[in-house]
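S.K.: Contents of upload-v3.cif (mmCIF, C-alpha atoms) are below:
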data_work
#
loop_
_atom_site.label_atom_id
_atom_site.label_comp_id
_atom_site.auth_asym_id
_atom_site.auth_seq_id
_atom_site.Cartn_x
_atom_site.Cartn_y
_atom_site.Cartn_z
CA MET N 1 0.00 0.00 0.00
CA ARG N 2 2.81 2.38 0.86
CA LYS N 3 4.62 1.80 -2.48
CA ARG N 4 1.36 2.46 -4.29
CA ASN N 5 0.90 5.83 -2.52
CA ILE N 6 4.48 6.84 -3.38
CA ILE N 7 3.97 5.97 -7.06
CA ILE N 8 0.66 7.85 -7.16
CA GLY N 9 2.30 10.87 -5.49
CA ILE N 10 5.13 10.91 -8.04
CA ALA N 11 2.62 10.64 -10.90
CA ILE N 12 0.63 13.58 -9.52
CA LEU N 13 3.80 15.70 -9.23
CA GLU N 14 4.73 14.90 -12.83
CA ILE N 15 1.25 15.85 -14.07
CA LEU N 16 1.35 19.11 -12.11
CA SER N 17 4.75 20.00 -13.58
CA ILE N 18 3.53 19.82 -17.22
CA PRO N 19 2.09 23.40 -17.29
CA ALA N 20 5.29 24.78 -15.77
CA ALA N 21 7.43 22.96 -18.35
CA ALA N 22 5.19 24.19 -21.17
CA HIS N 23 5.48 27.78 -19.92
CA LEU N 24 9.25 27.51 -19.70
CA HIS N 25 9.50 26.02 -23.19
CA SER N 26 7.30 28.74 -24.73
CA ASN N 27 9.49 31.49 -23.23
CA LEU N 28 12.78 30.11 -24.52
CA ASP N 29 13.82 31.18 -28.01
CA PHE N 30 15.47 28.17 -29.61
CA LYS N 31 14.91 29.20 -33.22
CA ASN N 32 16.65 32.60 -33.16
CA ARG N 33 19.79 31.55 -31.39
CA VAL N 34 22.86 32.36 -33.48
CA ASN N 35 26.27 30.90 -32.76
CA VAL N 36 29.23 33.12 -33.59
CA ILE N 37 32.70 31.75 -32.97
CA ALA N 38 35.79 33.93 -33.36
CA ALA N 39 39.40 32.89 -32.88
CA GLU N 40 42.10 35.55 -32.95
CA ILE N 41 45.15 34.79 -35.05
CA GLU N 42 48.58 36.16 -34.26
CA ALA N 43 49.23 39.18 -36.48
CA PRO N 44 51.76 42.01 -36.71
CA ASN N 45 51.27 45.35 -34.93
CA GLY N 46 48.54 47.37 -36.65
CA VAL N 47 46.65 44.26 -37.77
CA LYS N 48 44.04 42.11 -36.03
CA SER N 49 42.96 38.86 -37.70
CA TYR N 50 40.23 36.43 -36.72
CA PHE N 51 38.76 33.21 -38.03
CA ILE N 52 34.97 33.67 -37.86
CA THR N 53 32.26 31.07 -38.23
CA SER N 54 28.59 31.81 -37.74
CA ASP N 55 25.25 30.16 -38.42
CA GLY N 56 23.46 33.51 -38.71
CA PRO N 57 23.88 37.30 -38.88
CA PHE N 58 26.42 38.90 -36.54
CA ILE N 59 28.21 42.16 -35.81
CA ALA N 60 31.78 43.10 -35.03
CA ILE N 61 32.14 45.56 -32.17
CA GLY N 62 35.25 47.69 -31.78
CA LYS N 63 36.45 49.46 -28.65
CA ASP N 64 39.42 51.84 -28.41
CA LEU N 65 39.40 52.08 -32.20
CA THR N 66 39.90 55.68 -33.29
CA GLY N 67 40.74 57.05 -36.70
CA LYS N 68 40.47 55.23 -40.00
CA ALA N 69 40.65 51.46 -40.25
CA MET N 70 40.18 49.01 -43.11
CA ILE N 71 38.37 45.69 -42.84
CA ALA N 72 38.91 42.83 -45.28
CA LEU N 73 37.16 39.44 -45.35
CA ASN N 74 38.53 36.44 -47.19
CA GLN N 75 36.00 33.72 -47.98
CA THR N 76 38.52 30.99 -48.73
CA GLY N 77 42.22 30.55 -48.44
CA GLN N 78 45.11 29.02 -46.64
CA LEU N 79 46.96 30.38 -43.63
CA GLY N 80 50.13 28.37 -43.16
CA ASP N 81 49.03 24.74 -43.18
CA VAL N 82 45.40 25.61 -42.39
CA SER N 83 42.85 25.72 -45.22
CA PHE N 84 39.57 27.50 -44.53
CA GLY N 85 36.31 28.47 -46.19
CA GLU N 86 35.78 25.62 -48.66
CA THR N 87 32.01 25.74 -48.05
CA ALA N 88 31.78 29.26 -46.55
CA GLN N 89 30.07 32.34 -47.90
CA LEU N 90 30.86 35.97 -47.26
CA PRO N 91 28.49 37.12 -44.49
CA GLY N 92 28.47 40.73 -45.71
CA PRO N 93 30.73 43.03 -47.71
CA SER N 94 34.22 41.72 -48.47
CA SER N 95 35.74 45.04 -47.43
CA ALA N 96 34.83 48.11 -45.44
CA CYS N 97 36.43 51.31 -44.25
CA VAL N 98 35.51 52.77 -40.86
CA ASP N 99 36.30 56.20 -39.49
CA SER N 100 35.80 56.45 -35.76
CA LEU N 101 35.96 59.59 -33.67
CA SER N 102 35.29 57.77 -30.40
CA ALA N 103 37.05 55.09 -28.36
CA GLN N 104 33.64 53.89 -27.10
CA GLU N 105 32.24 50.52 -28.15
CA GLN N 106 30.65 50.76 -31.58
CA ILE N 107 29.66 48.53 -34.47
CA ILE N 108 32.45 48.32 -37.04
CA TYR N 109 31.05 45.57 -39.29
CA THR N 110 27.61 44.09 -39.90
CA ALA N 111 27.16 40.63 -41.37
CA SER N 112 23.68 40.06 -42.79
CA GLN N 113 23.98 36.29 -43.10
CA ALA N 114 25.86 33.23 -41.86
CA THR N 115 29.32 32.17 -42.96
CA VAL N 116 28.23 28.51 -42.86
CA THR N 117 26.34 27.26 -45.93
CA GLU N 118 26.17 23.55 -45.19
CA LYS N 119 27.08 21.09 -42.50
CA ALA N 120 30.80 20.48 -42.62
CA ASP N 121 33.77 20.80 -40.33
CA VAL N 122 34.25 24.16 -38.61
CA LEU N 123 37.13 25.39 -40.80
CA SER N 124 35.13 24.76 -43.99
CA GLY N 125 32.52 27.30 -42.87
CA THR N 126 35.07 29.83 -41.62
CA VAL N 127 36.07 33.19 -43.13
CA LEU N 128 39.10 35.33 -42.31
CA PHE N 129 38.32 38.78 -40.87
CA THR N 130 41.25 41.22 -40.90
CA LEU N 131 41.30 44.72 -39.43
CA PHE N 132 44.10 47.09 -40.47
CA HIS N 133 44.40 49.95 -37.97
CA ASP N 134 46.81 52.59 -36.67
CA SER N 135 49.65 50.71 -34.99
CA ALA N 136 49.68 53.29 -32.16
CA ILE N 137 46.37 51.96 -30.81
CA GLN N 138 45.34 48.57 -29.45
CA PRO N 139 41.63 48.13 -30.22
CA GLU N 140 39.51 45.38 -28.74
CA ILE N 141 37.26 43.52 -31.17
CA ARG N 142 34.46 41.13 -30.34
CA PHE N 143 31.87 39.35 -32.45
CA VAL N 144 28.28 38.77 -31.31
CA GLN N 145 24.93 37.88 -32.82
CA SER N 146 23.17 40.90 -34.33
CA SER N 147 20.39 40.87 -31.74
CA LYS N 148 22.98 41.68 -29.03
CA ALA N 149 23.80 45.11 -30.52
CA GLY N 150 21.57 46.90 -28.03
CA GLU N 151 22.09 50.65 -28.16
CA LEU N 152 25.42 50.49 -30.01
CA LYS N 153 25.78 52.74 -33.04
CA PRO N 154 27.79 51.99 -36.17
CA THR N 155 31.01 53.88 -36.85
CA GLY N 156 31.17 56.34 -39.68
CA SER N 157 32.40 55.08 -43.03
CA CYS N 158 35.44 56.57 -44.73
CA ARG N 159 34.91 59.39 -47.18
#
Would you mind writing the file out in structure tokens?
M.R.:
Amino acid sequence: MRKRNIIIGIAILEILSIPAAAHLHSNLDFKNRVNVIAAEIEAPNGVKSYFITSDGPFIAIGKDLTGKAMIALNQTGQLGDVSFGETAQLPGPSSACVDSLSAQEQIIYTASQATVTEKADVLSGTVLFTLFHDSAIQPEIRFVQSSKAGELKPTGSCR
């Protein structure tokens, strides 16, 4: 009799937890989650290079980046013994010029689509992002999904 009461109690708890689980599931956004992975590559002074792979739109945010800077993206290539981008696509423009008057965080590049076009290994869906900047400064760059931009404004473009 005691085992039966325990089993009935557990069943009642499970039934009561269904609405809570449904509420939790409806509030989580599984579909719009974008993964952006960036790995910095050693580069000379005045250059910052990153391997970027993403399954959706993303932005590059620069901090302590003042003056003019050039951005170049390579869809495919080889860096030393490492091949990248065999199945990648450019996520936005292949080049950009930014002119920043502020050291505050700001958007320096906007990617409107993913780098990944099909399921493959990570390097196949990777592009090379390179920032050429004044060697007197040490900017910080980070890459996040577009929805995380918040109140950040884009830098001015070069004239």
S.K.: Report the residues retrieved by the PyMOL selection byres ((chain N and resi 51) around 6) from the displayed file, expressed as a list in words.
M.R.: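 Applied to this file, the PyMOL selection byres ((chain N and resi 51) around 6) selects Ala38, Ala39, Tyr50, Ile52, Val127 and Leu128 of chain N.
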S.K.: List every residue of stretch 114-151 of chain N that has an atom at most 10 Å from any atom of stretch 95-99 of chain N, and for each one report the closest atom pair and its distance in Å to one decimal, counting all atoms listed in the file, with rows sorted by chain and then by increasing residue number, as a Markdown table.
M.R.:
| residue | atom | partner | partner_atom | distance |
| --- | --- | --- | --- | --- |
| N:Phe129 | CA | N:Ser95 | CA | 9.4 |
| N:Thr130 | CA | N:Ser95 | CA | 9.4 |
| N:Leu131 | CA | N:Ala96 | CA | 9.5 |
| N:Phe132 | CA | N:Cys97 | CA | 9.5 |
| N:His133 | CA | N:Val98 | CA | 9.8 |
S.K.: So, counting all atoms listed in the file, which residue among N:Lys68, N:Arg2, N:Arg33, N:Lys153 is closest to N:Gly46?
M.R.: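 Once distances to N:Gly46 are computed over all atoms listed in the file, the minimum belongs to N:Lys68.
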S.K.: Since I can't run it myself right now, could you work out what the PyMOL selection byres ((chain N and resi 121) around 12) selects here and report it as a compact mmCIF listing (two decimals) with C-alpha atoms, in the coordinates of the input?
M.R.:
# COMPACT_ATOMS: atom_id res chain seq x y z
CA THR N 53 32.26 31.07 -38.23
CA SER N 83 42.85 25.72 -45.22
CA PHE N 84 39.57 27.50 -44.53
CA GLY N 85 36.31 28.47 -46.19
CA GLU N 86 35.78 25.62 -48.66
CA THR N 87 32.01 25.74 -48.05
CA ALA N 88 31.78 29.26 -46.55
CA VAL N 116 28.23 28.51 -42.86
CA THR N 117 26.34 27.26 -45.93
CA GLU N 118 26.17 23.55 -45.19
CA LYS N 119 27.08 21.09 -42.50
CA ALA N 120 30.80 20.48 -42.62
CA VAL N 122 34.25 24.16 -38.61
CA LEU N 123 37.13 25.39 -40.80
CA SER N 124 35.13 24.76 -43.99
CA GLY N 125 32.52 27.30 -42.87
CA THR N 126 35.07 29.83 -41.62
S.K.: Could you list, as a PyMOL selection string, every residue within 8 Å of N:Tyr109, counting only C-alpha atoms and ignoring same-chain residues fewer than 2 positions away?
M.R.: chain N and resi 59-61+96+107+111+154
S.K.: I need the chosen residues saved as a PDB file, in the coordinates of the input, with C-alpha atoms.
M.R.:
ATOM      1  CA  ILE N  59      28.210  42.160 -35.810  1.00  0.00           C
ATOM      2  CA  ALA N  60      31.780  43.100 -35.030  1.00  0.00           C
ATOM      3  CA  ILE N  61      32.140  45.560 -32.170  1.00  0.00           C
ATOM      4  CA  ALA N  96      34.830  48.110 -45.440  1.00  0.00           C
ATOM      5  CA  ILE N 107      29.660  48.530 -34.470  1.00  0.00           C
ATOM      6  CA  ALA N 111      27.160  40.630 -41.370  1.00  0.00           C
ATOM      7  CA  PRO N 154      27.790  51.990 -36.170  1.00  0.00           C
TER       8      PRO N 154
END
S.K.: Between atom CA of N:Gly77 and atom CA of N:Thr155, what is the distance in Å, rounded to a tenth?
M.R.: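 We find that atom CA of N:Gly77 and atom CA of N:Thr155 lie 28.4 Å from each other.
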S.K.: Given the file shown, determine the residues that the PyMOL selection byres ((chain N and resi 57) around 8) selects; report them as a PyMOL selection string.
M.R.: chain N and resi 34+54-56+58-59+91+110-114+145-146
S.K.: When you count only C-alpha atoms, which of these residues is closest to N:Ala149: N:Leu79, N:Ile41, N:Leu90, N:Gly62?
M.R.: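 Selected residue with least distance to N:Ala149: N:Gly62.
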S.K.: In terms of the shortest atom-to-atom distance over only C-alpha atoms, which of N:Leu65, N:Ala136, N:Leu152, N:Ile8 is closest to N:Ser102?
M.R.: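 Nearest candidate to N:Ser102 out of N:Leu65, N:Ala136, N:Leu152, N:Ile8: N:Leu65.
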S.K.: How many Å separate atom CA of N:Glu105 from atom CA of N:Asn45?
M.R.: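 Separation between atom CA of N:Glu105 and atom CA of N:Asn45: 20.9 Å.
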S.K.: Kindly give the distance, in Å, that separates atom CA of N:Gln78 and atom CA of N:Asn35, rounded to a single decimal.
M.R.: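 Between these atoms lies a distance of 23.5 Å.
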